[in-house]
Structure formats: C-alpha cells, structure tokens
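Q: Quick one: the structure is below, and I'll ask about it shortly.
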Amino acid sequence: MPERELSLAETLARKLDYDQLVNCMRCGFCLPACPTFGETGLEQESPRGRIAQMKAVADGLMMPDDAFRTQMDHCLGCRACETVCPAGVQYGRLIEQAREAIAEHPVYPVRVKVIRNLTFRRLFPHPKRLNRLGGLVRFYQTSGLQRAARKSGALRLLPEHLQAMEAVMPDASGQGVVGLAGEFHPARGEPIARVGLFRGCIMDVLFARTNVNTVNLLTAAGFDVVIPDAQNCCGALQAHGGETEIARDLARKNIRAFKEAGVDFIVTNAGGCGALLAEYDQLLEEDGAIREDAAWFAERVVDVSRLIVERGRIPVFREKERRKVRITYQDSCHLRNVMKSGAYPRTLLRRVENAEFVEMAEADRCCGSAGIYNLTQPEMSGRILKRKMEHANRTKADYLLTSNPGCWLQMKHGTRQHPGESPMEVMHIVDYLWERIAEMP
Amino acid sequence: MQALPDGVIYPADTRQVSAVLKVLHEYRIPLVTRGSGTNLCGGTIPVQGGVVMVMHRMNRLLELDLENLTATVQPGMITADFAAEVEKAGLFYPPDPGSMKISTIGGNIAECSGGLRGLKYGTTKDYVLGLEAVLANGDVIRTGGKLVKDVAGYDLTKLLVGSEGTLAVITEATLKLIPPPKSKKTMLASYADLYGAARTVSSIIAAQIIPATLEIMDNATIRVVEDFARLGLPVDAAAVLIIEQDGEPETVERDMARIRDICLREKAAIEVASTAEEADKLLAARRTALTALSRLRPTTILEDATVPRSKIADMLLAINRIADKYGIQIATFGHAGDGNLHPTAMTDARNEDELHRVEEAFAEIFAAAIELGGTITGEHGVGVVKAPYLEWKAGPAGVELMKRIKQAFDPHGLLNPGKMFAAPARKRVVIDRA
C-alpha cells in the first residue's frame with residue numbers, strides 16, 4: 001500500500017472530529033438536499049457517503065486512495081445537508097478537516113495546484129496585490145487589449161471554463177471601496193448603529209461598485225458606516241480548501257481591524273465571506289489568546305439584507321419601467337445554510353413596488369460556483385449549473401438577483417451558456433435595490 | 001455496524017437484474033439489494049460481502065391507471081416523489097414511513113414499511129397488488145396484478161412484501177391507490193402524566209374512533225424535537241399526543257370533538273393546528289424524532305416493540321421500569337394508535353458496560369412486548385438486529401417453516417445472507433415480575 005495513503009490516513013485520523021463522525025446515524029435525510037447526490041445518484045457523492053468514507057478511514061477499514069480524495073474534492077461545501085440533519089452533525093467542520101488533512105499530503109493535478117496556489121496563498125491574502133491585479137485587469141479591459149485578445153482568438157488557449165469566466169468578468173477596479181469613496185460615511189438622519197463594512201477581496205476588486213452601493217444603502221437605512229482599511233480577505237476559500245492556517249492568520253488580522261474600529265455590527269454583502277466570519281469563534285477555538293475577541297467578532301457579523309430588515313429604516317424601492325417587472329433570487333448557500341439569513345433578501349425583494357417576486361424551483365440549491373469549485377471541478381459544476389438555469393429560465397424573470405460574488409459570476413456565466421427565451425439580467429441584490437430607491441426614509 | 005461489499009451494481013432494468021443474478025448464481029456470489037439504505041435493522045449491510053445492487057436507477061413511474069386506481073412503479077423511485085405524483089393525479093398513496101423523503105418504494109416493500117397513517121390506512125402490505133421479481137437463479141416471476149380479488153395459488157405477493165430481500169429481487173410493483181380524504185384536522189394534546197396520554201390512546205380506540213394519525217412522544221423526545229424543529233412544543237410536558245383525523249368534513253369535526261373530550265378527561269392541554277402548514281410541520285417534526293434523539297448521546301439504539309393498542313399504557317410502564325432497572329436512558333415515541341412504540345436508548349458504544357446493559361434491557365423489553373401479546377418488531381424488520389429474537393415471536397416450528405420457504409426460493413443462500421435467521425437464537429429472557 002502506498003506510503004502516501006498511509007500517512008494521509010494517519011493525518012485524517014488525527015484531524016477528524018470522531019464525535020461528529022459517530023453522531024451521523026446514517027438516516028439518509030441529507031441525500032435529497034445534496035446537489036452532487038442529486039446529479040449522480042451515487043451514495044459516495046452524498047454527505048452520508050462522505051462521512052462513511054471518512055469514518056472508514058478513521059477506523060482503519062479503508063485507505064484514503066484517489067477515489068477518496070476525489071470524493072472530498074467533489075463536495076461543494078454548500079452545507080445544505082446541515083439544515084436537514086436532525087442529528088445536528090456539523091458536516092462543514094468534517095469536510096474542512098478532511099480537506100485540511102489532504103492539503104498536507106498534496107497530489108493535486110498541475111492545473112488545480114496552480115489555481116490553489118495562486119488563489120489561496122499568492123493573491124487573496126494580499127489586498128495590495130489584488131488591487132494591483134484589479135488595476136491590470138481594468139487596463140486589460142479598457143485599453144483595447146481585451147477586445148484584441150477576444151478577436152485574435154488568443155483566449156482559446158485557456159481551458160474552456162476559464163474562457164467562460166473571462167467572458168463574464170465584471171469591470172474591475174484598481175481602487176476598491178475605500179479608494180473610491182473613503183473610510184467613513186455618516187448615516188442619513190439619526191444613526192441607528194455604527195457598522196463596519198467587510199469589503200472582501202474579490203468583492204473589492206471585481207465588485208467595488210457593489211461595495212460603494214452597500215455603503216449607500218446602509219447610510220440611507222440609517223447606519224453610520226466605517227470601512228477599516230486594515231481588514232483583509234476573510235479566509236473562506238482557504239478554510240474550505242484545507243489551508244486552515246492561512247485562514248486563521250487572516251482571521252486574526254480582521255478581528256484586530258474591526259475591534260479597533262469599535263463597531264456594533266460587521267456587515268457583509270457576500271454570503272461566502274459572512275459565513276466564515278460568523279464562525280471565526282470556531283476557527284480560532286483553540287487559540288486562547290484571541291478566543292474572546294473572536295467570539296466578539298463572530299456574534300456581530302450580519303448580512304446587509306438582514307441588518308436593514310431587522311434594524312434599519314427601510315427605503316421605498318420601486319421599478320421604473322411601465323410594465324410589471326419579474327424578479328427572482330438565487331440563494332447564496334452560506335447565507336442561507338450557515339448564516340440562516342435566506343429570508344431577508346426575499347423580504348426586501350418582495351417590497352419592491354411594481355415588481356413581482358417569483359420564487360424559482362430549487363433556489364436553495366447550490367449553483368455550482370462554490371468558491372473556486374467551478375474552476376477546480378468544471379464538469380460537475382457545469383452539470384449543476386445546467387439544472388439551475390433550467391429552473392431560472394422557467395421563472396421568465398427579468399432580473400436574477402444574488403448576494404455573493406461567486407454566485408453572481410456563475411449565474412452570469414449560466415445566462416450566457418443556457419440562455420432562456422427572454423433576456424435575464426444578473427445583479428447583486430444591493431446594486432439592484434440601490435438603483436431602485438424611490439423614497440428615502 | 002458496517003461491512004464492505006466486493007462490488008456495487010446499479011442496474012437499469014429487469015433484464016439486467018436477471019442477467020446479473022444468473023452470473024452471481026453460477027459463481028455462488030451473495031447479493032444484497034438496496035434502495036436508499038435507510039432501514040433500521042441492519043438489513044442492507046453486506047455482512048458476507050458479495051455484490052450490493054442499488055436500485056436507484058430504476059426509478060420511473062411506469063403507469064398511473066385512473067380506471068383501476070393503481071400505479072405501476074419501479075422499485076428505485078423515492079416514496080415521497082411517488083406520493084407527490086399520485087397526489088397530482090388527484091389520488092392518495094397512504095403509507096408514509098418516517099424516511100419517505102429518501103426511502104424507495106422497493107425498500108418500503110421489502111421491509112413492509114409502516115408510518116404515521118398505519119392505524120387507519122394500514123401499511124405497505126395493504127397497498128401492494130402485484131409484483132415483478134427476479135429469483136435467485138435469474139428467472140423472472142410476476143405475481144398478482146391490477147386485481148382486487150385473486151386467489152390463484154399461494155399469495156406470493158404478500159410473501160415477498162416484508163421478505164427483506166431474502167427471497168427475490170423486486171423489480172416492479174403495482175400499487176393500490178385510493179381517493180384522498182376531503183378534509184383533515186390536526187391537534188396536539190399535552191400531558192403532565194405519561195400514562196394519562198397512554199390511557200387516552202386506549203380510550204379513543206375503545207370509543208370506536210379510528211384517527212388517521214395518533215402519535216406519542218415522551219418528554220425526552222419532545223425536547224430534542226423542539227430543539228431541532230422550533231415549533232413551540234411544550235418542553236415541560238411528560239408526553240404529547242399528535243392526533244389527526246381525516247375524511248368527510250362533518251365526520252372529522254364530530255370525531256375531533258369527541259377525541260377532545262377524551263383528552264380533557266385525562267387533563268390534557270389542547271391545541272388545534274389552525275393551518276394545514278402548521279399541521280404538516282407538526283407531523284414533519286415527529287418524523288425527525290429518531291434522528292433528533294441521536295443529538296443527546298453518541299450512540300442511539302432504537303427498537304420497535306409493538307403491542308395490541310389496548311396495552312400501550314402497560315407497555316410504557318414496562319419500558320420505564322426496565323430502563324430504571326438497568327440504569328439506562330430510554331426515550332419513547334411512536335405510533336401509539338397502532339401499538340407500535342419506539343423505545344430508544346441513548347448510549348455510547350465505547351462504554352462496553354453500559355452497552356451490555358442496554359442489550360439486556362432491550363431483550364427484556366421484547367419479552368415484555370410478547371408477554372402483552374405483541375411482537376419484537378412492528379415495522380422495522382428483522383435484518384441482523386432482531387434475528388436473535390425471531391424465534392421468541394414465531395416459535396421454533398414457525399422459524400423452521402420460514403427457513404424452508406427461504407430454502408425453496410434461494411437454495412444456495414445467496415440473497416441477503418446473514419439476515420432474518422440467526423444461529424444460534426437467543427435464549428428467551430424470563431420476565432422478572434418482582
């Protein structure tokens with residue numbers, strides 16, 4: 001038996017939370033909730049199957065071979081299984097522990113290795129590099145290079161799924177929200193609370209405009225907004241990918257930044273970031289020096305929609321078009337399954353005057369974006385996306401709204417790949433709402 | 001409890017199943033047929049290795065016959081999906097095991113699954129009219145049909161229902177459908193006294209009212225279910241009954257009024273679900289009881305002792321007395337209306353001493369159930385878990401006959417070996433009446 005499997009088995013046995021493995025009583029209630037089981041119908045592609053494999057390895061009954069690694073990689077990490085698990089198994093914790101173990105014994109294909117290295121280590125943890133890259137992308141997009149590259153066919157040298165992502169990439173910014181708008185923004189009217197905006201890494205390069213609109217929406221709803229410039233990437237992609245130590249470092253930096261800013265809430269507009277931020281206490285539970293601050297941080301994390309619905313002065317939103325506009329919403333898995341805040345974006349969308357909110361079938365299912373899943377697992381991601389777009393197109397919506405940058409990119413890609421009968425515009429819910437404010441409170 | 005098979009096969013149709021069985025038969029390789037693997041008796045564990053055949057790909061609804069009120073369906077179809085399709089056609093398939101969101105029709109037939117509606121509507125066996133099945137040697141048989149009456153020979157349909165994959169591989173089923181009830185009403189009765197709840201069950205039946213659902217949950221169960229489902233259940237109550245009646249609106253009103261009076265006589269606090277959504281939530285929460293109980297301790301061992309429904313109070317008393325005697329933690333919930341209780345022990349498999357006491361306690365609970373005219377398993381099946389106790393219920397001659405039936409179907413013992421019959425059977429516990 002290969003040496004490498006043996007040492008991975010030992011690492012897994014050490015890292016996996018055995019109580020959680022035992023808590024799973026194999027009832028199978030998670031199977032219908034799992035997108036990869038839904039696509040394949042294979043037990044090993046389900047949460048119950050993945051836990052069984054982890055337990056078999058931990059018990060020494062099975063070697064963690066390539067098939068085992070593949071299964072751990074195939075999981076989207078959407079955590080829809082946790083919401084239906086009557087036994088309360090913390091599956092998200094288990095899959096991250098398994099991936100952390102695997103990351104210590106890497107055998108990724110070159111393509112995946114490059115993507116992992118670039119995203120987890122070289123790029124996302126470094127806001128300056130990201131901004132510089134943003135500037136470069138902006139230059140690429142505005143200088144005519146993009147047009148030239150697209151025209152010349154040079155892009156065809158990229159793998160198909162990277163080409164697809166290039167095609168839908170939004171206009172990048174080299175500045176970010178602080179550069180564009182400044183660090184402090186007073187509330188309109190009497191301030192309800194002082195909130196710190198978590199700007200995110202991808203958000204602040206590719207969606208800096210959305211960050212600016214988030215500030216606008218929050219101040220309109222009555223909040224003082226501060227954007228601590230010392231904050232960093234949240235660490236979610238690293239944590240989900242098994243690079244837990246990098247994630248912990250980033251978490252410590254963020255906690256310090258927001259603690260210094262003295263905020264009542266830490267607001268996110270990206271479900272993927274918010275979910276990890278809200279679990280910083282778990283991520284750092286073994287670090288005695290910062291445990292208390294981590295708990296302080298975690299309990300203040302809230303999604304922008306939820307904060308506005310629960311505490312804000314909600315503005316009047318109105319569609320300007322004469323005909324009645326149809327809108328639909330794709331859940332961010334982590335906003336729904338981890339932050340338990342899936343209801344709030346819908347509450348806001350239902351309030352938009354002259355618009356009809358149409359719920360799409362399986363809106364609560366992962367779109368297949370899942371962090372960098374669409375880059376590392378293009379085949380499975382593509383299958384999940386196809387099904388998603390069938391449901392989306394059936395709503396005949398004019399706007400498909402999201403609350404996470406990964407979902408936005410994937411949905412944008414989806415509308416190109418699988419267009420419906422009529423055009424459907426993909427927008428972040430914050431941008432959509434900000435552009436439709438009819439009356440300030 | 002776990003075991004690895006030597007291979008896994010996902011057949012697409014009956015022809016493939018037959019071809020696979022011919023090969024396995026020739027080389028004497030064991031076969032375990034499986035749906036979603038949600039059974040509670042270790043029924044689909046490949047304890048002797050061999051091939052596991054998963055029926056998920058054979059998941060089509062082949063026909064809805066609105067003239068004969070039947071459905072013909074492949075075994076891998078998810079029960080909840082099937083029930084939803086039937087409902088779309090304006091009909092009703094009553095069996096609703098707790099696992100119906102993921103369990104399959106084939107698995108339900110193999111285990112003769114019950115559910116919350118068993119009391120009034122019966123269980124899976126009451127809805128299977130005909131089967132197509134593949135025998136151990138690969139031969140295909142068809143039993144029954146779209147027939148209300150059929151006495152041509154032995155009733156092989158009924159024999160295959162609940163045979164736990166030990167006699168043949170079911171590849172198609174014709175199921176009976178009925179018109180749906182016109183209305184329904186659901187109420188929750190909470191009790192400060194567990195036996196008050198149990199006496200209510202017996203009184204309702206004695207008053208000749210047959211509710212569609214009559215479920216009981218004891219305090220430990222209420223607490224964990226509430227923790228998971230957040231319905232506002234009374235977490236201080238000793239027990240609750242979830243009662244549902246369906247049918248013609250006038251009948252439902254009259255029955256519910258009478259049930260209410262009976263509950264009040266036992267000093268229950270009553271709450272009637274005001275919307276269908278509220279009622280559904282209540283029943284959905286009850287379905288999660290078993291798994292939710294597993295939050296309390298690392299290992300959850302669930303049993304399925306069943307008694308005549310007039311003996312519910314006696315059985316509950318016996319369970320609590322036995323739990324105390326062995327110093328273990330048992331929560332009980334179940335289908336009180338049909339006498340089918342689920343005493344569930346919360347323990348830790350790593351604590352050998354406690355585990356041993358749990359086993360002893362359950363042996364005594366089975367004995368108590370049989371003493372009261374009951375059985376060792378009402379709806380979960382024998383599988384591996386209850387094989388040592390089968391003789392207590394069926395008797396030596398009964399088990400011997402069952403073994404000869406098995407021999408006739410499967411002479412080489414290839415179909416789901418190691419299930420149903422244990423060697424040697426466990427010695428019957430003598431009940432301590434002190």
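A note on labels: chains of the structure tokens are A, B, ... as shown, every chain counts residues from 1, and ligands are counted from 1 in their shown order.
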Taking the chain letters and numbering used in this document, name the residues of region 87-249 of chain B that DSSP puts in strand (DSSP E or B), as a count of residues only.
A: 47
Q: May I have the residues within 10 Å of region 84-91 of chain B as number ranges by chain, using only C-alpha atoms and disregarding those fewer than 5 positions away in the same chain?
A: B: 61, 64-66, 69-71, 79, 177-181
Q: What does the file look like for those residues with C-alpha atoms, as an mmCIF file, in the first residue's frame?
A:
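Okay, part.cif is ready:
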data_model
loop_
_atom_site.group_PDB
_atom_site.id
_atom_site.type_symbol
_atom_site.label_atom_id
_atom_site.label_comp_id
_atom_site.auth_asym_id
_atom_site.auth_seq_id
_atom_site.Cartn_x
_atom_site.Cartn_y
_atom_site.Cartn_z
ATOM 1 C CA LEU B 61 -43.339 5.734 -12.513
ATOM 2 C CA LEU B 64 -50.956 5.665 -13.380
ATOM 3 C CA ASP B 65 -54.133 3.753 -14.172
ATOM 4 C CA LEU B 66 -57.005 6.083 -13.319
ATOM 5 C CA LEU B 69 -56.874 3.251 -9.380
ATOM 6 C CA THR B 70 -53.442 1.642 -9.497
ATOM 7 C CA ALA B 71 -49.891 2.778 -10.099
ATOM 8 C CA THR B 79 -41.564 7.207 -1.883
ATOM 9 C CA LEU B 177 -54.355 3.979 -4.757
ATOM 10 C CA ILE B 178 -57.387 5.428 -3.005
ATOM 11 C CA PRO B 179 -59.325 8.680 -3.248
ATOM 12 C CA PRO B 180 -57.821 11.297 -0.935
ATOM 13 C CA PRO B 181 -59.731 12.388 2.189
#
Q: Pull out every residue of chain A that has at least one atom within 7 Å of chain B, counting only C-alpha atoms, and report them as an NGL selection string.
A: :A and (19 or 22-23 or 27-29 or 31-32 or 41 or 86-88)
Q: Export, as a PDB file, in the first residue's frame, the selected residues with N, CA and C atoms.
A:
ATOM      1  N   ASP A  19     -16.353  12.420  17.302  1.00  0.00           N
ATOM      2  CA  ASP A  19     -17.717  12.521  17.820  1.00  0.00           C
ATOM      3  C   ASP A  19     -18.711  12.872  16.714  1.00  0.00           C
ATOM      4  N   VAL A  22     -19.412   9.872  14.586  1.00  0.00           N
ATOM      5  CA  VAL A  22     -20.306   8.920  15.241  1.00  0.00           C
ATOM      6  C   VAL A  22     -21.733   9.468  15.313  1.00  0.00           C
ATOM      7  N   ASN A  23     -21.848  10.797  15.438  1.00  0.00           N
ATOM      8  CA  ASN A  23     -23.177  11.396  15.534  1.00  0.00           C
ATOM      9  C   ASN A  23     -24.024  11.128  14.301  1.00  0.00           C
ATOM     10  N   CYS A  27     -29.143   8.130   8.652  1.00  0.00           N
ATOM     11  CA  CYS A  27     -30.575   8.097   8.338  1.00  0.00           C
ATOM     12  C   CYS A  27     -30.826   8.448   6.886  1.00  0.00           C
ATOM     13  N   GLY A  28     -29.891   9.182   6.267  1.00  0.00           N
ATOM     14  CA  GLY A  28     -30.047   9.488   4.847  1.00  0.00           C
ATOM     15  C   GLY A  28     -30.921  10.695   4.551  1.00  0.00           C
ATOM     16  N   PHE A  29     -31.368  11.430   5.575  1.00  0.00           N
ATOM     17  CA  PHE A  29     -32.203  12.602   5.326  1.00  0.00           C
ATOM     18  C   PHE A  29     -31.452  13.664   4.512  1.00  0.00           C
ATOM     19  N   LEU A  31     -29.560  13.123   1.891  1.00  0.00           N
ATOM     20  CA  LEU A  31     -29.380  12.801   0.479  1.00  0.00           C
ATOM     21  C   LEU A  31     -30.176  13.698  -0.467  1.00  0.00           C
ATOM     22  N   PRO A  32     -31.481  13.923  -0.199  1.00  0.00           N
ATOM     23  CA  PRO A  32     -32.218  14.768  -1.143  1.00  0.00           C
ATOM     24  C   PRO A  32     -31.707  16.213  -1.162  1.00  0.00           C
ATOM     25  N   GLY A  41     -26.694  10.443  -8.181  1.00  0.00           N
ATOM     26  CA  GLY A  41     -27.408   9.331  -7.560  1.00  0.00           C
ATOM     27  C   GLY A  41     -26.478   8.320  -6.909  1.00  0.00           C
ATOM     28  N   PRO A  86     -31.309  15.980  11.261  1.00  0.00           N
ATOM     29  CA  PRO A  86     -31.923  16.003  12.593  1.00  0.00           C
ATOM     30  C   PRO A  86     -30.900  15.731  13.695  1.00  0.00           C
ATOM     31  N   ALA A  87     -29.817  15.030  13.372  1.00  0.00           N
ATOM     32  CA  ALA A  87     -28.831  14.689  14.395  1.00  0.00           C
ATOM     33  C   ALA A  87     -27.865  15.844  14.653  1.00  0.00           C
ATOM     34  N   GLY A  88     -27.971  16.911  13.876  1.00  0.00           N
ATOM     35  CA  GLY A  88     -27.128  18.084  14.100  1.00  0.00           C
ATOM     36  C   GLY A  88     -25.655  17.831  13.824  1.00  0.00           C
TER      37      GLY A  88
END
Q: Mind giving me the straight-line distance from CA of Ala368 (chain B) to CA of Met315 (chain B) in Å, one decimal?
A: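 Computing it gives 7.5 Å between the two atoms.
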Q: I'd like the contact shell of Val426 (chain A) - 8 Å cut-off, only C-alpha atoms, skipping same-chain residues fewer than 4 positions apart - returned as number ranges by chain.
A: A: 399-402, 408, 411-412
Q: Produce a file of the selected residues containing C-alpha atoms, as a PDB file, in the first residue's frame.
A:
ATOM      1  CA  TYR A 399     -33.654  40.057 -13.148  1.00  0.00           C
ATOM      2  CA  LEU A 400     -31.867  37.226 -11.379  1.00  0.00           C
ATOM      3  CA  LEU A 401     -30.513  38.511  -8.092  1.00  0.00           C
ATOM      4  CA  THR A 402     -27.722  37.115  -5.967  1.00  0.00           C
ATOM      5  CA  TRP A 408     -23.052  36.337  -9.454  1.00  0.00           C
ATOM      6  CA  MET A 411     -25.189  32.986 -12.817  1.00  0.00           C
ATOM      7  CA  LYS A 412     -23.798  35.446 -15.356  1.00  0.00           C
TER       8      LYS A 412
END
Q: At a cut-off of 12 Å, using only C-alpha atoms, what residues contact Gly189 (chain A)? Leave out same-chain residues fewer than 4 positions from it and give the result as a PyMOL selection string.
A: chain A and resi 193+218-224+312-313+440-441
Q: For those residues, write N, CA and C atoms to a file as a PDB file, in the first residue's frame.
A:
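Saved to out-v9.pdb:
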ATOM      1  N   ALA A 193     -26.941  52.670  14.400  1.00  0.00           N
ATOM      2  CA  ALA A 193     -25.787  51.925  14.923  1.00  0.00           C
ATOM      3  C   ALA A 193     -24.576  52.250  14.055  1.00  0.00           C
ATOM      4  N   LEU A 218     -26.723  51.330   3.181  1.00  0.00           N
ATOM      5  CA  LEU A 218     -26.673  51.292   4.647  1.00  0.00           C
ATOM      6  C   LEU A 218     -26.851  52.688   5.249  1.00  0.00           C
ATOM      7  N   THR A 219     -26.199  53.664   4.672  1.00  0.00           N
ATOM      8  CA  THR A 219     -26.362  55.022   5.222  1.00  0.00           C
ATOM      9  C   THR A 219     -27.802  55.491   4.998  1.00  0.00           C
ATOM     10  N   ALA A 220     -28.373  55.132   3.852  1.00  0.00           N
ATOM     11  CA  ALA A 220     -29.766  55.510   3.587  1.00  0.00           C
ATOM     12  C   ALA A 220     -30.694  54.873   4.615  1.00  0.00           C
ATOM     13  N   ALA A 221     -30.366  53.655   5.043  1.00  0.00           N
ATOM     14  CA  ALA A 221     -31.222  52.946   6.003  1.00  0.00           C
ATOM     15  C   ALA A 221     -30.940  53.379   7.446  1.00  0.00           C
ATOM     16  N   GLY A 222     -29.988  54.312   7.626  1.00  0.00           N
ATOM     17  CA  GLY A 222     -29.790  54.885   8.957  1.00  0.00           C
ATOM     18  C   GLY A 222     -28.567  54.417   9.716  1.00  0.00           C
ATOM     19  N   PHE A 223     -27.563  53.896   9.030  1.00  0.00           N
ATOM     20  CA  PHE A 223     -26.374  53.409   9.743  1.00  0.00           C
ATOM     21  C   PHE A 223     -25.143  54.251   9.428  1.00  0.00           C
ATOM     22  N   ASP A 224     -24.346  54.535  10.468  1.00  0.00           N
ATOM     23  CA  ASP A 224     -23.001  55.060  10.251  1.00  0.00           C
ATOM     24  C   ASP A 224     -22.155  53.910   9.734  1.00  0.00           C
ATOM     25  N   GLY A 312     -32.986  48.455  10.320  1.00  0.00           N
ATOM     26  CA  GLY A 312     -32.865  49.685   9.554  1.00  0.00           C
ATOM     27  C   GLY A 312     -34.188  50.391   9.311  1.00  0.00           C
ATOM     28  N   ARG A 313     -34.094  51.590   8.748  1.00  0.00           N
ATOM     29  CA  ARG A 313     -35.269  52.291   8.239  1.00  0.00           C
ATOM     30  C   ARG A 313     -35.314  51.960   6.760  1.00  0.00           C
ATOM     31  N   MET A 440     -36.375  58.097   0.190  1.00  0.00           N
ATOM     32  CA  MET A 440     -35.520  57.831   1.335  1.00  0.00           C
ATOM     33  C   MET A 440     -36.379  57.861   2.597  1.00  0.00           C
ATOM     34  N   PRO A 441     -36.068  57.068   3.568  1.00  0.00           N
ATOM     35  CA  PRO A 441     -36.855  57.084   4.802  1.00  0.00           C
ATOM     36  C   PRO A 441     -36.634  58.377   5.575  1.00  0.00           C
TER      37      PRO A 441
END
Q: Please identify which residues in region 140-244 of chain A DSSP calls helix (DSSP H, G or I) from the backbone, and express them as number ranges by chain.
A: A: 140-142, 145-152, 154-157, 160-168, 176-181, 202-206, 208-220, 236-241, 244
Q: Can you pull out the residues contacting Leu264 (chain B)? Cut-off 10 Å, using only C-alpha atoms, and skip same-chain residues under 6 positions away; I want them as a count of residues only.
A: 5
Q: Figure out the distance between CA of Arg117 (chain B) and CA of Glu278 (chain B), please, to one decimal in Å.
A: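 Value for the CA of Glu278 (chain B)-CA of Arg117 (chain B) distance: 17.8 Å.
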Q: Which residue gives the smallest distance to Arg199 (chain A) among A:Thr347, A:Ser381, A:Asn269, A:Gln90, with only C-alpha atoms counted?
A: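 Looking only at the distances to Arg199 (chain A), the closest residue turns out to be A:Asn269.
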Q: Counting only C-alpha atoms, figure out which residue out of A:Gly368, A:Gly174, A:Gly242, A:Pro64 gets nearest to Lys386 (chain A).
A: A:Gly368
Q: I want to know what sits within 10 Å of Arg79 (chain A), based on only C-alpha atoms, with residues of the same chain fewer than 3 positions away left out; could you give that as a ChimeraX atom specification?
A: /A:30,33-34,47,75-76,82-84,90-93,95,333-334,336-338,365-366
Q: Taking into account only C-alpha atoms, which residue in the set B:Leu160, B:Glu215, B:Val23, B:Gly378 is nearest to Cys41 (chain B)?
A: B:Gly378
Q: Please tabulate, as a Markdown table, the residues of region 244-317 of chain A that come within 12 Å of region 205-211 of chain A, each with its closest pair of atoms and the distance in Å to one decimal, counting only C-alpha atoms and ordering rows by chain, then residue number upward.
A:
| residue | atom | partner | partner_atom | distance |
| --- | --- | --- | --- | --- |
| A:Val267 | CA | A:Asn211 | CA | 10.9 |
| A:Thr268 | CA | A:Asn211 | CA | 9.4 |
| A:Asn269 | CA | A:Asn211 | CA | 7.8 |
| A:Ala270 | CA | A:Asn211 | CA | 10.0 |
| A:Val304 | CA | A:Asn211 | CA | 10.9 |
Q: Can you pull out the residues contacting Ser18 (chain B)? Cut-off 8 Å, using only C-alpha atoms, and skip same-chain residues under 2 positions away; I want them as a list in words.
A: Thr14, Arg15, Gln16, Val20, Leu21, Lys22, Val134, Leu135, Gly138, Asp139 and Val140 of chain B
Q: For CA of Cys407 (chain A) and CA of Glu39 (chain A), quote the distance in Å rounded to one decimal.
A: 18.9 Å
